[in-house]
Amino acid sequence: MTLQRTFTIIKPDAVKRGAIGDIIEQFESQGFRILAMKMLEISKSQAEQFYAVHAARPFYGSLTEFMSSGPIVALALEKENAIADLRKLMGATDPAKAEEGTIRKKWATNIEFNAIHGSDAEDTARFELSFFFAGYELAK
C-alpha cells in the first residue's frame, strides 16, 4: 500500500457558512488521515502566488480576491490514492454539476464560491503542501 499526500483548502465561503466540522468529518469517514491543519487568512498577494498557475485565466483576479476575503482552513491529507479520492469527494467545480453526497453539492454556492480546493496532481500537491506547511508541521 502506497500512501499519497494531498492538499486541500476549506475556502472562505464554507468557513463563513459553518462547514468546517462537516467537511473534516467527511475526510475522516473516507479514510483520509489529517497530517496537518491550520486556520489562517492570506493576503491578496499570497493568494496570487498560490494560484500563479491561473494568472492568465479570466477568473484569476476574482479568485485571489475571494481567497483573501476571510479565514481559510488548510489541510494536509494522506491515504492511498489521496489525490483522486479527494477530487471525487469534492465534486465538480460547478456545484450544479456535482454529484449528490459531494462536498461542493452540499456546501458550494456557485462555480466561484465552491467551498473547497484540492490538489489535482502529485506535483501540485507537493507545491501546495510546501506553500502552507513546513515539513516539521506534518504529523509523522
# chains A, B, ... in the order shown; residues from 1 in each chain; ligands from 1
>>> residues_around(residues="range 33-38 of chain A", least_positions_apart="6", cutoff="6 Å", atoms="only C-alpha atoms", output="MDAnalysis selection string")
chainID A and resid 73:78 138:139
>>> write_last_selection(atoms="N, CA and C atoms", output="mmCIF file, in the first residue's frame")
data_model
loop_
_atom_site.group_PDB
_atom_site.id
_atom_site.type_symbol
_atom_site.label_atom_id
_atom_site.label_comp_id
_atom_site.auth_asym_id
_atom_site.auth_seq_id
_atom_site.Cartn_x
_atom_site.Cartn_y
_atom_site.Cartn_z
ATOM 1 N N VAL A 73 -9.165 27.243 5.915
ATOM 2 C CA VAL A 73 -8.549 26.147 6.663
ATOM 3 C C VAL A 73 -7.750 25.314 5.660
ATOM 4 N N ALA A 74 -6.437 25.256 5.881
ATOM 5 C CA ALA A 74 -5.543 24.488 5.020
ATOM 6 C C ALA A 74 -5.273 23.139 5.691
ATOM 7 N N LEU A 75 -5.351 22.068 4.919
ATOM 8 C CA LEU A 75 -5.116 20.730 5.474
ATOM 9 C C LEU A 75 -4.197 19.907 4.580
ATOM 10 N N ALA A 76 -3.315 19.159 5.229
ATOM 11 C CA ALA A 76 -2.504 18.143 4.554
ATOM 12 C C ALA A 76 -3.162 16.806 4.873
ATOM 13 N N LEU A 77 -3.504 16.059 3.833
ATOM 14 C CA LEU A 77 -4.207 14.789 3.995
ATOM 15 C C LEU A 77 -3.381 13.653 3.402
ATOM 16 N N GLU A 78 -3.617 12.450 3.920
ATOM 17 C CA GLU A 78 -2.880 11.289 3.415
ATOM 18 C C GLU A 78 -3.782 10.071 3.382
ATOM 19 N N LEU A 138 4.082 18.568 9.599
ATOM 20 C CA LEU A 138 3.301 17.411 9.171
ATOM 21 C C LEU A 138 3.463 16.279 10.180
ATOM 22 N N ALA A 139 2.353 15.692 10.626
ATOM 23 C CA ALA A 139 2.385 14.594 11.588
ATOM 24 C C ALA A 139 3.155 13.421 10.983
#
>>> residues_around(residues="Ser119 in chain A", least_positions_apart="4", cutoff="12 Å", atoms="only C-alpha atoms", output="ChimeraX atom specification")
/A:4-9,50-51,74-77,82-88,90,123-129
>>> select_by_dssp(residues="chain A", states="helix (DSSP H, G or I)", output="PyMOL selection string")
chain A and resi 12-16+20-29+44-50+52-54+60-67+82-90+95-97+103-107+122-132+135-137
>>> closest_residue(among="A:Asn110, A:Pro71, A:Ser130, A:Glu137", to="Gly18 in chain A", atoms="only C-alpha atoms")
A:Pro71
>>> select_by_dssp(residues="chain A", states="strand (DSSP E)", output="PDB file with C-alpha atoms, in the first residue's frame")
ATOM      1  CA  LEU A   3       0.207   6.342   0.864  1.00  0.00           C
ATOM      2  CA  GLN A   4      -0.172   9.559  -1.083  1.00  0.00           C
ATOM      3  CA  ARG A   5      -0.387  13.083   0.254  1.00  0.00           C
ATOM      4  CA  THR A   6      -2.684  15.775  -0.978  1.00  0.00           C
ATOM      5  CA  PHE A   7      -3.560  19.301  -0.006  1.00  0.00           C
ATOM      6  CA  THR A   8      -6.922  20.955   0.465  1.00  0.00           C
ATOM      7  CA  ILE A   9      -8.338  24.312   1.497  1.00  0.00           C
ATOM      8  CA  ILE A  10     -11.737  24.874   3.027  1.00  0.00           C
ATOM      9  CA  ARG A  33      -5.564  10.895   7.740  1.00  0.00           C
ATOM     10  CA  ILE A  34      -5.081  14.556   8.668  1.00  0.00           C
ATOM     11  CA  LEU A  35      -1.328  15.244   8.798  1.00  0.00           C
ATOM     12  CA  ALA A  36      -1.634  18.970   9.478  1.00  0.00           C
ATOM     13  CA  MET A  37      -4.329  21.609   9.686  1.00  0.00           C
ATOM     14  CA  LYS A  38      -4.362  25.355  10.253  1.00  0.00           C
ATOM     15  CA  MET A  39      -6.830  28.180  10.035  1.00  0.00           C
ATOM     16  CA  LEU A  40      -5.406  31.423   8.699  1.00  0.00           C
ATOM     17  CA  ILE A  72      -9.473  29.559   5.291  1.00  0.00           C
ATOM     18  CA  VAL A  73      -8.549  26.147   6.663  1.00  0.00           C
ATOM     19  CA  ALA A  74      -5.543  24.488   5.020  1.00  0.00           C
ATOM     20  CA  LEU A  75      -5.116  20.730   5.474  1.00  0.00           C
ATOM     21  CA  ALA A  76      -2.504  18.143   4.554  1.00  0.00           C
ATOM     22  CA  LEU A  77      -4.207  14.789   3.995  1.00  0.00           C
ATOM     23  CA  GLU A  78      -2.880  11.289   3.415  1.00  0.00           C
ATOM     24  CA  LYS A  79      -4.287   7.979   2.213  1.00  0.00           C
ATOM     25  CA  GLU A  80      -3.893   5.570  -0.638  1.00  0.00           C
ATOM     26  CA  ILE A 116     -13.105  23.701  -1.321  1.00  0.00           C
ATOM     27  CA  HIS A 117      -9.815  23.473  -3.171  1.00  0.00           C
ATOM     28  CA  GLY A 118      -7.895  20.241  -3.710  1.00  0.00           C
TER      29      GLY A 118
END
>>> residues_around(residues="Lys97 in chain A", least_positions_apart="2", cutoff="12 Å", atoms="only C-alpha atoms", output="mmCIF file with C-alpha atoms, in the first residue's frame")
data_model
loop_
_atom_site.group_PDB
_atom_site.id
_atom_site.type_symbol
_atom_site.label_atom_id
_atom_site.label_comp_id
_atom_site.auth_asym_id
_atom_site.auth_seq_id
_atom_site.Cartn_x
_atom_site.Cartn_y
_atom_site.Cartn_z
ATOM 1 C CA MET A 90 -15.057 17.368 -3.568
ATOM 2 C CA GLY A 91 -17.307 17.019 -6.622
ATOM 3 C CA ALA A 92 -17.394 19.044 -9.846
ATOM 4 C CA THR A 93 -16.090 22.636 -9.747
ATOM 5 C CA ASP A 94 -19.598 23.793 -10.637
ATOM 6 C CA PRO A 95 -21.842 22.631 -7.777
ATOM 7 C CA GLU A 99 -22.875 14.568 -7.624
ATOM 8 C CA GLU A 100 -25.072 14.135 -4.545
ATOM 9 C CA THR A 102 -20.054 15.556 -2.568
ATOM 10 C CA ARG A 104 -19.483 21.005 -3.331
ATOM 11 C CA LYS A 105 -23.030 19.706 -3.823
ATOM 12 C CA LYS A 106 -23.659 20.316 -0.124
ATOM 13 C CA ALA A 108 -20.813 25.392 -2.616
ATOM 14 C CA THR A 109 -22.928 28.335 -3.728
ATOM 15 C CA ASN A 110 -21.749 28.540 -7.339
ATOM 16 C CA ILE A 111 -18.746 27.857 -9.589
ATOM 17 C CA ASN A 114 -17.253 26.487 -4.455
#
>>> closest_residue(among="A:Ile24, A:Glu122, A:Ala115, A:Pro58", to="Asn81 in chain A", atoms="only C-alpha atoms")
A:Glu122
>>> residues_around(residues="Ser62 in chain A", least_positions_apart="4", cutoff="12 Å", atoms="only C-alpha atoms", output="ChimeraX atom specification")
/A:44,47-48,51,54-55,57-58,66-69,111-113
